[in-house]
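**Student:** Contents are mmCIF, C-alpha atoms; file name structure_30.cif:
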```
data_model
loop_
_atom_site.label_atom_id
_atom_site.label_comp_id
_atom_site.auth_asym_id
_atom_site.auth_seq_id
_atom_site.Cartn_x
_atom_site.Cartn_y
_atom_site.Cartn_z
CA MET A 1 -5.86 7.12 1.34
CA GLN A 2 -8.69 4.82 0.36
CA ARG A 3 -10.46 7.86 -1.04
CA ALA A 4 -7.35 8.79 -3.02
CA LEU A 5 -7.13 5.29 -4.50
CA GLY A 6 -10.75 5.53 -5.57
CA LEU A 7 -10.11 8.88 -7.23
CA ALA A 8 -7.10 7.45 -9.08
CA GLU A 9 -9.35 4.87 -10.77
CA LYS A 10 -11.24 7.67 -12.50
CA GLY A 11 -8.17 8.18 -14.68
CA ARG A 12 -8.03 4.54 -15.79
CA GLY A 13 -7.70 4.30 -19.55
CA LYS A 14 -7.10 8.04 -19.97
CA VAL A 15 -3.53 8.72 -18.81
CA SER A 16 -1.38 5.93 -20.27
CA PRO A 17 1.55 5.52 -20.34
CA ASN A 18 1.44 7.53 -17.12
CA PRO A 19 0.22 5.92 -13.88
CA VAL A 20 -3.22 6.51 -12.39
CA VAL A 21 -2.85 8.71 -9.31
CA GLY A 22 -5.22 10.18 -6.75
CA ALA A 23 -4.67 12.90 -4.13
CA VAL A 24 -6.60 14.12 -1.09
CA ILE A 25 -5.77 17.17 1.07
CA VAL A 26 -6.82 17.12 4.72
CA LYS A 27 -6.69 20.02 7.19
CA ASP A 28 -8.14 20.19 10.68
CA GLY A 29 -9.74 16.78 10.17
CA GLN A 30 -11.62 17.84 7.05
CA ILE A 31 -11.07 17.15 3.34
CA MET A 32 -10.35 20.54 1.79
CA GLY A 33 -9.32 19.43 -1.69
CA GLU A 34 -8.92 16.39 -3.89
CA GLY A 35 -8.03 15.45 -7.44
CA TYR A 36 -6.69 12.82 -9.79
CA HIS A 37 -4.62 12.63 -12.97
CA GLU A 38 -7.39 13.15 -15.53
CA PHE A 39 -5.68 12.87 -18.90
CA TYR A 40 -2.23 12.30 -20.37
CA GLY A 41 -0.31 15.55 -20.62
CA GLY A 42 -2.62 17.27 -18.13
CA PRO A 43 -1.97 18.36 -14.53
CA HIS A 44 -1.08 15.59 -12.12
CA ALA A 45 -3.28 14.54 -9.20
CA GLU A 46 -1.63 16.66 -6.53
CA ILE A 47 -1.84 19.80 -8.68
CA ASN A 48 -5.55 19.24 -9.33
CA ALA A 49 -6.10 18.65 -5.62
CA MET A 50 -4.34 21.90 -4.68
CA ARG A 51 -6.33 23.82 -7.27
CA SER A 52 -9.55 22.46 -5.80
CA ALA A 53 -8.61 23.36 -2.21
CA ASN A 54 -11.03 25.74 -0.52
CA SER A 55 -8.30 27.34 1.60
CA SER A 56 -4.53 27.55 1.98
CA CYS A 57 -2.65 24.24 2.01
CA LYS A 58 -0.19 25.56 4.58
CA GLY A 59 -0.04 23.13 7.49
CA ALA A 60 -2.25 20.56 5.74
CA THR A 61 -1.63 16.86 5.05
CA LEU A 62 -1.48 15.55 1.50
CA TYR A 63 -2.39 11.93 0.78
CA LEU A 64 -0.92 10.63 -2.50
CA THR A 65 -1.19 7.17 -4.03
CA LEU A 66 2.21 7.55 -5.72
CA GLU A 67 5.33 9.55 -4.99
CA PRO A 68 5.17 12.93 -6.78
CA CYS A 69 7.38 13.45 -9.82
CA SER A 70 10.66 15.33 -9.49
CA HIS A 71 11.44 15.77 -13.18
CA HIS A 72 10.11 17.99 -15.92
CA GLY A 73 8.05 16.02 -18.45
CA LYS A 74 4.74 17.11 -19.95
CA THR A 75 4.31 19.19 -16.77
CA PRO A 76 6.72 20.79 -14.27
CA PRO A 77 7.94 18.77 -11.24
CA CYS A 78 5.04 18.35 -8.81
CA VAL A 79 7.33 18.06 -5.80
CA ASN A 80 8.28 21.72 -6.15
CA SER A 81 4.65 22.82 -5.99
CA ILE A 82 4.10 20.66 -2.92
CA MET A 83 7.02 22.22 -1.08
CA GLU A 84 5.98 25.74 -2.08
CA ALA A 85 2.42 25.15 -0.83
CA GLY A 86 3.59 24.67 2.77
CA PHE A 87 2.29 21.17 3.51
CA LYS A 88 3.16 19.95 6.98
CA ARG A 89 2.88 16.25 6.14
CA VAL A 90 2.74 14.10 3.01
CA VAL A 91 1.54 10.48 3.11
CA VAL A 92 2.59 8.41 0.07
CA SER A 93 1.35 4.90 -0.68
CA THR A 94 4.32 3.80 -2.72
CA VAL A 95 7.57 5.04 -4.20
CA ASP A 96 7.53 5.87 -7.92
CA PRO A 97 9.77 3.26 -9.65
CA ASN A 98 10.49 5.64 -12.53
CA PRO A 99 14.30 6.01 -12.49
CA LYS A 100 13.81 9.77 -12.89
CA THR A 101 12.08 9.85 -9.48
CA ASN A 102 12.46 6.64 -7.43
CA GLY A 103 12.61 8.20 -3.96
CA ARG A 104 14.14 11.51 -5.00
CA SER A 105 10.96 13.50 -4.31
CA ILE A 106 10.60 11.92 -0.88
CA SER A 107 14.15 12.98 0.01
CA MET A 108 13.53 16.50 -1.31
CA MET A 109 10.36 16.91 0.79
CA MET A 110 12.07 15.59 3.92
CA ASP A 111 15.02 17.94 3.36
CA ALA A 112 12.50 20.78 3.14
CA GLY A 113 11.18 19.90 6.62
CA ILE A 114 8.02 18.08 5.54
CA THR A 115 7.06 14.94 7.45
CA VAL A 116 6.81 12.14 4.90
CA ASP A 117 5.23 8.74 5.58
CA VAL A 118 5.50 6.00 2.96
CA GLY A 119 3.69 2.67 2.72
CA LEU A 120 0.04 3.27 3.62
CA LEU A 121 -2.01 0.78 1.54
CA GLU A 122 1.13 0.15 -0.48
CA GLU A 123 0.15 -3.29 -1.82
CA GLN A 124 -3.17 -1.93 -3.08
CA ALA A 125 -1.46 1.06 -4.69
CA ARG A 126 1.17 -1.08 -6.42
CA LYS A 127 -1.48 -3.42 -7.81
CA GLN A 128 -3.50 -0.46 -9.01
CA ASN A 129 -0.54 0.60 -11.13
CA GLU A 130 0.75 -2.86 -12.08
CA ILE A 131 0.77 -1.84 -15.75
CA PHE A 132 2.87 1.25 -15.12
CA PHE A 133 5.27 -0.55 -12.77
CA LYS A 134 6.00 -3.28 -15.35
CA TYR A 135 6.35 -0.81 -18.21
CA ILE A 136 8.58 1.73 -16.46
CA THR A 137 10.93 -0.85 -14.90
CA THR A 138 11.32 -3.27 -17.84
CA SER A 139 10.49 -1.15 -20.91
CA MET A 140 8.01 -3.88 -21.87
CA PRO A 141 4.20 -3.77 -22.00
CA PHE A 142 2.04 -5.48 -19.41
CA VAL A 143 0.42 -8.42 -21.23
CA ILE A 144 -3.10 -9.55 -20.34
CA MET A 145 -4.59 -12.67 -21.89
CA LYS A 146 -8.38 -12.92 -22.20
CA ALA A 147 -10.26 -16.03 -23.28
CA ALA A 148 -13.98 -16.82 -23.23
CA GLN A 149 -14.80 -20.52 -23.30
CA THR A 150 -17.31 -23.26 -22.59
CA LEU A 151 -17.11 -25.57 -19.59
CA ASP A 152 -15.16 -28.00 -21.76
CA SER A 153 -12.65 -25.32 -22.75
CA ARG A 154 -13.88 -24.58 -26.29
CA ILE A 155 -13.60 -21.06 -27.70
CA ALA A 156 -15.55 -21.92 -30.87
CA ASP A 157 -17.56 -24.79 -32.35
CA THR A 158 -16.25 -27.12 -35.06
CA THR A 159 -17.21 -24.64 -37.81
CA GLY A 160 -15.03 -21.93 -36.26
CA ARG A 161 -17.77 -19.41 -36.99
CA PRO A 162 -17.81 -16.29 -34.78
CA LYS A 163 -20.44 -16.80 -32.05
CA TRP A 164 -20.74 -15.24 -28.63
CA ILE A 165 -19.99 -17.90 -26.01
CA THR A 166 -20.45 -15.79 -22.91
CA SER A 167 -23.26 -13.50 -21.75
CA GLU A 168 -24.07 -9.86 -22.45
CA GLU A 169 -22.71 -8.98 -19.01
CA SER A 170 -19.42 -10.67 -19.89
CA ARG A 171 -19.24 -8.73 -23.13
CA SER A 172 -19.56 -5.46 -21.22
CA PHE A 173 -16.81 -6.65 -18.89
CA VAL A 174 -14.52 -7.42 -21.83
CA HIS A 175 -15.19 -4.00 -23.34
CA THR A 176 -14.24 -2.46 -19.99
CA LEU A 177 -10.95 -4.37 -20.15
CA ARG A 178 -10.45 -3.05 -23.68
CA SER A 179 -11.02 0.52 -22.53
CA HIS A 180 -8.26 0.12 -19.94
CA VAL A 181 -5.46 -1.05 -22.26
CA ASP A 182 -3.42 0.61 -24.99
CA ALA A 183 -3.71 -2.19 -27.53
CA ILE A 184 -5.45 -5.45 -28.41
CA ALA A 185 -3.58 -8.25 -30.19
CA ILE A 186 -5.09 -11.03 -32.33
CA GLY A 187 -3.77 -13.48 -34.88
CA ALA A 188 -4.41 -12.99 -38.60
CA ARG A 189 -6.59 -16.11 -38.81
CA THR A 190 -8.80 -14.80 -36.03
CA ALA A 191 -9.06 -11.48 -37.89
CA VAL A 192 -10.29 -13.26 -41.01
CA ILE A 193 -12.64 -15.78 -39.36
CA ASP A 194 -14.21 -13.47 -36.75
CA ASN A 195 -13.90 -10.18 -38.64
CA PRO A 196 -13.91 -8.28 -35.31
CA ARG A 197 -13.95 -4.53 -34.79
CA LEU A 198 -11.89 -4.65 -31.57
CA THR A 199 -13.40 -1.36 -30.43
CA VAL A 200 -15.01 -0.24 -27.17
CA ARG A 201 -18.80 -0.23 -27.60
CA HIS A 202 -20.63 -1.61 -24.56
CA VAL A 203 -19.07 0.93 -22.16
CA GLU A 204 -17.61 4.41 -22.43
CA GLY A 205 -13.92 4.60 -23.17
CA LYS A 206 -11.29 5.14 -25.81
CA ASP A 207 -10.57 2.60 -28.53
CA PRO A 208 -7.18 0.88 -28.19
CA TYR A 209 -4.75 0.14 -30.98
CA ARG A 210 -5.62 -3.05 -32.86
CA ILE A 211 -2.58 -5.24 -33.62
CA VAL A 212 -2.93 -8.11 -36.10
CA LEU A 213 -0.07 -10.61 -35.99
CA GLN A 214 0.51 -11.88 -39.49
CA ASP A 215 0.97 -15.63 -39.98
CA ARG A 216 0.93 -15.84 -43.79
CA THR A 217 -2.88 -15.58 -43.81
CA GLU A 218 -4.19 -13.29 -46.53
CA LEU A 219 -6.05 -10.36 -44.98
CA PRO A 220 -8.95 -9.12 -47.14
CA THR A 221 -9.14 -5.34 -47.43
CA ASP A 222 -12.85 -5.36 -46.54
CA LEU A 223 -12.31 -6.50 -42.93
CA HIS A 224 -13.78 -4.18 -40.27
CA LEU A 225 -10.23 -3.58 -39.03
CA PHE A 226 -9.50 -1.81 -42.31
CA LYS A 227 -12.90 -0.43 -43.34
CA ASP A 228 -13.57 1.13 -39.94
CA ASN A 229 -10.04 2.43 -39.40
CA ASP A 230 -10.87 6.14 -39.35
CA ASP A 231 -8.81 6.57 -36.18
CA ASN A 232 -5.78 4.97 -37.89
CA LYS A 233 -5.26 2.54 -35.00
CA THR A 234 -5.07 -0.74 -36.92
CA ILE A 235 -1.56 -2.19 -36.99
CA ILE A 236 -0.29 -5.17 -38.97
CA ALA A 237 2.79 -6.78 -37.48
CA ALA A 238 4.54 -8.91 -40.09
CA PRO A 239 7.99 -10.29 -40.85
CA PRO A 240 10.19 -8.19 -43.13
CA ASN A 241 9.24 -8.46 -46.83
CA ASP A 242 5.81 -9.96 -46.03
CA ARG A 243 3.44 -9.15 -48.88
CA ASP A 244 0.80 -7.71 -46.54
CA ILE A 245 3.21 -4.88 -45.74
CA GLN A 246 2.70 -3.77 -49.33
CA ASN A 247 -0.99 -4.76 -49.67
CA HIS A 248 -2.20 -2.80 -46.64
CA ARG A 249 0.22 0.10 -46.47
CA GLN A 250 -2.64 2.50 -47.33
CA ASN A 251 -5.14 1.31 -44.72
CA ALA A 252 -3.07 0.27 -41.69
CA ILE A 253 0.08 1.05 -39.75
CA MET A 254 2.77 -1.44 -40.74
CA TRP A 255 5.23 -2.91 -38.24
CA SER A 256 8.15 -4.97 -39.49
CA VAL A 257 8.92 -7.52 -36.75
CA ASP A 258 11.59 -10.22 -36.63
CA ALA A 259 10.49 -13.85 -36.92
CA TYR A 260 11.49 -17.05 -35.12
CA GLU A 261 13.12 -19.87 -37.04
CA ASP A 262 9.66 -21.36 -37.75
CA ASP A 263 8.67 -18.06 -39.46
CA THR A 264 6.21 -17.08 -36.71
CA LEU A 265 6.54 -13.58 -35.32
CA ASN A 266 9.07 -13.05 -32.56
CA LEU A 267 6.74 -12.03 -29.74
CA THR A 268 9.50 -10.47 -27.65
CA SER A 269 10.47 -8.27 -30.59
CA LEU A 270 6.80 -7.37 -31.01
CA LEU A 271 6.52 -6.29 -27.37
CA ILE A 272 9.69 -4.21 -27.61
CA LYS A 273 8.32 -2.54 -30.72
CA ALA A 274 5.05 -1.79 -28.91
CA ALA A 275 6.83 -0.35 -25.86
CA ASN A 276 8.89 1.90 -28.11
CA GLN A 277 5.58 3.29 -29.39
CA SER A 278 4.49 4.07 -25.78
CA ILE A 279 2.11 1.10 -25.67
CA SER A 280 2.28 0.06 -22.04
CA SER A 281 -0.40 -2.67 -22.03
CA ILE A 282 -1.69 -5.26 -24.50
CA LEU A 283 -4.81 -7.41 -24.26
CA VAL A 284 -4.32 -10.68 -26.16
CA GLU A 285 -7.76 -11.79 -27.40
CA GLY A 286 -6.98 -14.80 -29.56
CA GLY A 287 -7.01 -17.12 -31.10
CA SER A 288 -5.86 -20.43 -29.72
CA LEU A 289 -2.47 -20.43 -31.44
CA LEU A 290 -1.65 -16.93 -30.22
CA PHE A 291 -2.68 -17.78 -26.66
CA THR A 292 -0.42 -20.81 -26.81
CA SER A 293 2.54 -18.89 -28.23
CA PHE A 294 2.41 -16.22 -25.53
CA LEU A 295 2.11 -18.82 -22.77
CA LYS A 296 4.90 -21.05 -24.10
CA ARG A 297 7.24 -18.07 -24.11
CA LYS A 298 6.16 -16.95 -20.62
CA LEU A 299 5.17 -13.49 -21.84
CA VAL A 300 1.78 -13.24 -20.08
CA ASP A 301 1.47 -11.14 -16.90
CA LYS A 302 -2.22 -11.58 -16.13
CA ILE A 303 -4.98 -13.94 -17.28
CA TYR A 304 -8.76 -13.59 -17.49
CA ILE A 305 -10.70 -16.70 -18.49
CA GLY A 306 -14.48 -16.44 -18.79
CA ILE A 307 -16.35 -19.72 -18.46
CA ALA A 308 -19.90 -20.02 -19.79
CA PRO A 309 -22.20 -22.80 -18.45
CA LYS A 310 -22.20 -24.63 -21.78
CA ILE A 311 -20.79 -27.90 -23.07
CA ILE A 312 -20.37 -28.60 -26.79
CA GLY A 313 -18.12 -31.65 -26.71
CA ALA A 314 -16.09 -30.69 -29.76
CA GLY A 315 -14.66 -27.53 -31.23
CA ILE A 316 -11.60 -25.32 -31.07
CA PRO A 317 -9.76 -25.56 -27.72
CA ALA A 318 -8.62 -22.44 -25.91
CA PHE A 319 -5.03 -23.72 -25.87
CA GLN A 320 -2.91 -25.98 -28.03
CA ASN A 321 -0.02 -28.17 -26.88
CA LEU A 322 2.02 -26.18 -24.35
CA GLY A 323 4.72 -28.83 -24.11
CA ILE A 324 3.71 -29.67 -20.54
CA ASP A 325 4.02 -33.42 -19.94
CA ILE A 326 3.28 -33.76 -16.22
CA LEU A 327 0.79 -32.09 -13.90
CA GLU A 328 3.52 -30.72 -11.64
CA HIS A 329 4.69 -28.52 -14.50
CA SER A 330 1.29 -26.89 -14.98
CA ILE A 331 1.05 -23.12 -15.20
CA TYR A 332 -0.27 -22.07 -11.82
CA LEU A 333 -2.03 -18.78 -11.10
CA SER A 334 -1.52 -16.67 -8.00
CA GLU A 335 -3.82 -14.12 -6.35
CA VAL A 336 -6.79 -15.81 -8.00
CA GLU A 337 -10.13 -13.98 -8.09
CA TYR A 338 -13.53 -15.25 -9.23
CA LEU A 339 -15.88 -12.74 -10.82
CA LYS A 340 -19.52 -13.45 -11.70
CA LYS A 341 -20.76 -11.73 -14.84
CA GLY A 342 -24.32 -12.72 -15.67
CA GLU A 343 -24.36 -16.51 -15.76
CA ASP A 344 -20.61 -16.74 -16.41
CA ILE A 345 -17.68 -17.14 -14.05
CA TRP A 346 -14.43 -15.32 -14.78
CA VAL A 347 -11.18 -16.59 -13.30
CA CYS A 348 -8.49 -13.95 -12.93
CA GLY A 349 -4.92 -14.46 -11.77
CA TYR A 350 -1.21 -14.02 -12.38
CA PRO A 351 0.76 -16.88 -13.94
CA ILE A 352 3.72 -18.04 -11.88
CA TRP A 353 6.73 -18.40 -14.16
CA SER A 354 9.67 -20.45 -12.93
#
```
So that I can check it, write out the structure of this file as structure tokens.
**Tutor:**
Amino acid sequence: MQRALGLAEKGRGKVSPNPVVGAVIVKDGQIMGEGYHEFYGGPHAEINAMRSANSSCKGATLYLTLEPCSHHGKTPPCVNSIMEAGFKRVVVSTVDPNPKTNGRSISMMMDAGITVDVGLLEEQARKQNEIFFKYITTSMPFVIMKAAQTLDSRIADTTGRPKWITSEESRSFVHTLRSHVDAIAIGARTAVIDNPRLTVRHVEGKDPYRIVLQDRTELPTDLHLFKDNDDNKTIIAAPPNDRDIQNHRQNAIMWSVDAYEDDTLNLTSLLIKAANQSISSILVEGGSLLFTSFLKRKLVDKIYIGIAPKIIGAGIPAFQNLGIDILEHSIYLSEVEYLKKGEDIWVCGYPIWS
């Protein structure tokens, strides 16, 4: 199963909004076939594994990181092919939470006389598909917040000019994160000040959608987000009747999103809009006000904070006032990991929301 989980990772960033899945076929103590879900709309992992098998699958054991599908989507139901192939045993890491499956395939295989074992490396398999599990069960994207800062929690100096704070290794790491998500979100002020491309450059991978959240900041038409928009993946999310909806209709996708009473974008409405467009994951990259808004509304699922060994003493803080008055009400992270990238330390964890 560990091999199957490793294979599944090869589909990361290529199959969304589907889950990443790996499959290994074993017969007489030997691996006779393996595969993974390679691209969205293509054959699923178990089908690729059966096609790679060097002999008949009859009497073999199939190891799958996720329960096979039982419904007809982009491809026929995989559970039918498994039963037809004559497998003696199927080992599944975790049940597919998709309401269209959700244990149905397991019951079908057991009714067909196949021995089915569920739960091997389940925690690892569920974490591997944390994006899919959130998206398919809540119809909301998985939200990741990424901030790069100095030791004294500054994301920019007092000028606000765009400067790299972290190392080259950290930049490659961030571009890997970008290649794994469906969309990146930034505030309009960050778009103007930093003029970012928000593409994947330091590693191989597809470019995500680029969502700019309008906050009454005028967006010049010569920003990279518009000039380099040949893939038509730049999105402006703005309140109804915002002038930028008219100004940029020719060079960006326009989303009309409800606003809160203070005229800032309703982030929940934004996430619902994104999910309806099959965007299952969003990487929030800044700036400070956007970080704060997502945290105050408890809409963040995972956090990456990169800390560079630098102190500047003044500048733009990573977070504004979160309305937390006492230490006991701090936002705590669970399952914390520490990753070293060059000379930087990245802290990764899951915020615990009460």
**Student:** Given the file above and the PyMOL selection byres ((chain A and resi 185) around 8), which residues are selected, and can you give them as a list of chain:residue names?
**Tutor:**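 Matching residues under the PyMOL selection byres ((chain A and resi 185) around 8) are A:Ala183, A:Ile184, A:Ile186, A:Gly187, A:Arg210, A:Ile211, A:Val212, A:Leu213, A:Ile282, A:Leu283, A:Val284, A:Glu285, A:Gly286.
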**Student:** Would you kindly return, as a PyMOL selection string, each protein, DNA or RNA residue with an atom no farther than 12 Å from any atom of Pro77 in chain A, considering only C-alpha atoms and excluding same-chain residues fewer than 2 positions away?
**Tutor:** chain A and resi 43-44+46-47+67-75+79-84+100-101+104-105+108
**Student:** May I ask for the distance between CA of Phe319 in chain A and CA of Ala147 in chain A, given in Å to one decimal place?
**Tutor:**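 A separation of 9.7 Å between them.
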**Student:** Which one of A:Asp117, A:Glu38, A:Asp111, A:Glu204 sits closest to Leu66 in chain A if you count all atoms listed in the file?
**Tutor:**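 Nearest candidate to Leu66 in chain A out of A:Asp117, A:Glu38, A:Asp111, A:Glu204: A:Asp117.
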**Student:** To test the calculation: enclose all listed atoms of range 345-351 of chain A in a box whose edges run along x, y and z, add 6 Å on each side, then state centre and edge lengths in Å to one decimal, as lines of an AutoDock Vina configuration file.
**Tutor:**
```
center_x = -8.5
center_y = -15.5
center_z = -13.3
size_x = 30.4
size_y = 15.2
size_z = 15.0
```
**Student:** Rank nothing, just name the residue among A:Lys296, A:Trp255, A:Ser153, A:Lys340 nearest to Ala314 in chain A, using all atoms listed in the file.
**Tutor:**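 Checking each candidate against Ala314 in chain A, we get A:Ser153 as the closest.
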**Student:** Counting all atoms listed in the file, which residue out of A:Phe87, A:Ala188, A:Tyr135, A:Phe39 sits closest to Pro220 in chain A?
**Tutor:**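 Answer, going by the shortest atom-to-atom distance: A:Ala188.
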**Student:** Write out as a ChimeraX atom specification the residues lying within 9 Å of Ser288 in chain A, counting only C-alpha atoms and excluding same-chain residues fewer than 2 positions away.
**Tutor:** /A:147,155,187,190,286,290-293,316-320
**Student:** Let me see the file: selected residues, C-alpha atoms, as a PDB file, keeping the file's coordinate frame.
**Tutor:**
```pdb
ATOM      1  CA  ALA A 147     -10.260 -16.030 -23.280  1.00  0.00           C
ATOM      2  CA  ILE A 155     -13.600 -21.060 -27.700  1.00  0.00           C
ATOM      3  CA  GLY A 187      -3.770 -13.480 -34.880  1.00  0.00           C
ATOM      4  CA  THR A 190      -8.800 -14.800 -36.030  1.00  0.00           C
ATOM      5  CA  GLY A 286      -6.980 -14.800 -29.560  1.00  0.00           C
ATOM      6  CA  LEU A 290      -1.650 -16.930 -30.220  1.00  0.00           C
ATOM      7  CA  PHE A 291      -2.680 -17.780 -26.660  1.00  0.00           C
ATOM      8  CA  THR A 292      -0.420 -20.810 -26.810  1.00  0.00           C
ATOM      9  CA  SER A 293       2.540 -18.890 -28.230  1.00  0.00           C
ATOM     10  CA  ILE A 316     -11.600 -25.320 -31.070  1.00  0.00           C
ATOM     11  CA  PRO A 317      -9.760 -25.560 -27.720  1.00  0.00           C
ATOM     12  CA  ALA A 318      -8.620 -22.440 -25.910  1.00  0.00           C
ATOM     13  CA  PHE A 319      -5.030 -23.720 -25.870  1.00  0.00           C
ATOM     14  CA  GLN A 320      -2.910 -25.980 -28.030  1.00  0.00           C
TER      15      GLN A 320
END
```
**Student:** One decimal, Å: what's the distance from CA of Val143 in chain A over to CA of Asn321 in chain A, could you say?
**Tutor:** 20.5 Å
**Student:** Residues at most 10 Å from range 161-170 of chain A, counting all atoms listed in the file, excluding those fewer than 5 positions away in the same chain, as a count of residues only?
**Tutor:** 27
**Student:** Could you tell me which residues the PyMOL selection byres ((chain A and resi 120-130) around 6) grabs in this file, written as a VMD selection string?
**Tutor:** chain A and resid 93 to 94 119 131 to 133
**Student:** At what distance in Å, to one decimal, does CA of Ala275 in chain A lie from CA of Pro141 in chain A?
**Tutor:** 5.8 Å
**Student:** Skip range 227-232 of chain A itself and residues of its chain fewer than 2 positions away, then list as a PyMOL selection string all residues within 9 Å of it, counting all atoms listed in the file.
**Tutor:** chain A and resi 197+207+209+221-225+234-235+251-253
**Student:** How close does range 171-280 of chain A get to range 15-18 of chain A? List, as CSV, each residue of range 171-280 of chain A within 8 Å, its nearest atom pair and the distance in Å to one decimal, counting all atoms listed in the file.
**Tutor:**
```
residue,atom,partner,partner_atom,distance
A:Asp182,CA,A:Ser16,CA,7.4
A:Ser278,CA,A:Pro17,CA,6.4
A:Ile279,CA,A:Pro17,CA,6.9
A:Ser280,CA,A:Pro17,CA,5.8
```
**Student:** For the residues in the current selection, export C-alpha atoms as a short mmCIF file (atom, residue, chain, number, x, y, z; two decimals), in the frame of the given file.
**Tutor:**
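For reference, selection-v5.cif as written:
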```cif
data_model
loop_
_atom_site.label_atom_id
_atom_site.label_comp_id
_atom_site.auth_asym_id
_atom_site.auth_seq_id
_atom_site.Cartn_x
_atom_site.Cartn_y
_atom_site.Cartn_z
CA ASP A 182 -3.42 0.61 -24.99
CA SER A 278 4.49 4.07 -25.78
CA ILE A 279 2.11 1.10 -25.67
CA SER A 280 2.28 0.06 -22.04
#
```
**Student:** Care to translate the PyMOL selection byres ((chain A and resi 354) around 10) into actual residues of this file, as a CSV table (one decimal) with C-alpha atoms, keeping the file's coordinate frame?
**Tutor:**
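As written to disk, result07.csv reads:
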```
chain,number,residue,atom,x,y,z
A,298,LYS,CA,6.2,-17.0,-20.6
A,329,HIS,CA,4.7,-28.5,-14.5
A,331,ILE,CA,1.0,-23.1,-15.2
A,351,PRO,CA,0.8,-16.9,-13.9
A,352,ILE,CA,3.7,-18.0,-11.9
A,353,TRP,CA,6.7,-18.4,-14.2
```
**Student:** Restore N, CA and C atoms in range 218-229 of chain A and list the result as a compact mmCIF listing (two decimals), in the coordinates of the input.
**Tutor:**
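Writing the result to selection-v3.txt gives the following:
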```
# COMPACT_ATOMS: atom_id res chain seq x y z
N GLU A 218 -3.83 -14.46 -45.73
CA GLU A 218 -4.19 -13.29 -46.53
C GLU A 218 -5.29 -12.50 -45.84
N LEU A 219 -5.08 -11.23 -45.67
CA LEU A 219 -6.05 -10.36 -44.98
C LEU A 219 -6.85 -9.56 -46.01
N PRO A 220 -8.12 -9.88 -46.19
CA PRO A 220 -8.95 -9.12 -47.14
C PRO A 220 -9.04 -7.65 -46.74
N THR A 221 -9.10 -6.78 -47.71
CA THR A 221 -9.14 -5.34 -47.43
C THR A 221 -10.50 -4.89 -46.90
N ASP A 222 -11.53 -5.77 -47.00
CA ASP A 222 -12.85 -5.36 -46.54
C ASP A 222 -13.15 -5.77 -45.09
N LEU A 223 -12.13 -6.20 -44.36
CA LEU A 223 -12.31 -6.50 -42.93
C LEU A 223 -12.66 -5.22 -42.19
N HIS A 224 -13.43 -5.35 -41.09
CA HIS A 224 -13.78 -4.18 -40.27
C HIS A 224 -12.52 -3.45 -39.80
N LEU A 225 -11.47 -4.20 -39.52
CA LEU A 225 -10.23 -3.58 -39.03
C LEU A 225 -9.66 -2.57 -40.00
N PHE A 226 -9.98 -2.74 -41.29
CA PHE A 226 -9.50 -1.81 -42.31
C PHE A 226 -10.59 -0.82 -42.73
N LYS A 227 -11.79 -1.31 -42.90
CA LYS A 227 -12.90 -0.43 -43.34
C LYS A 227 -13.24 0.63 -42.30
N ASP A 228 -13.17 0.23 -41.03
CA ASP A 228 -13.57 1.13 -39.94
C ASP A 228 -12.36 1.73 -39.24
N ASN A 229 -11.30 1.97 -39.98
CA ASN A 229 -10.04 2.43 -39.40
C ASN A 229 -9.88 3.94 -39.51
```
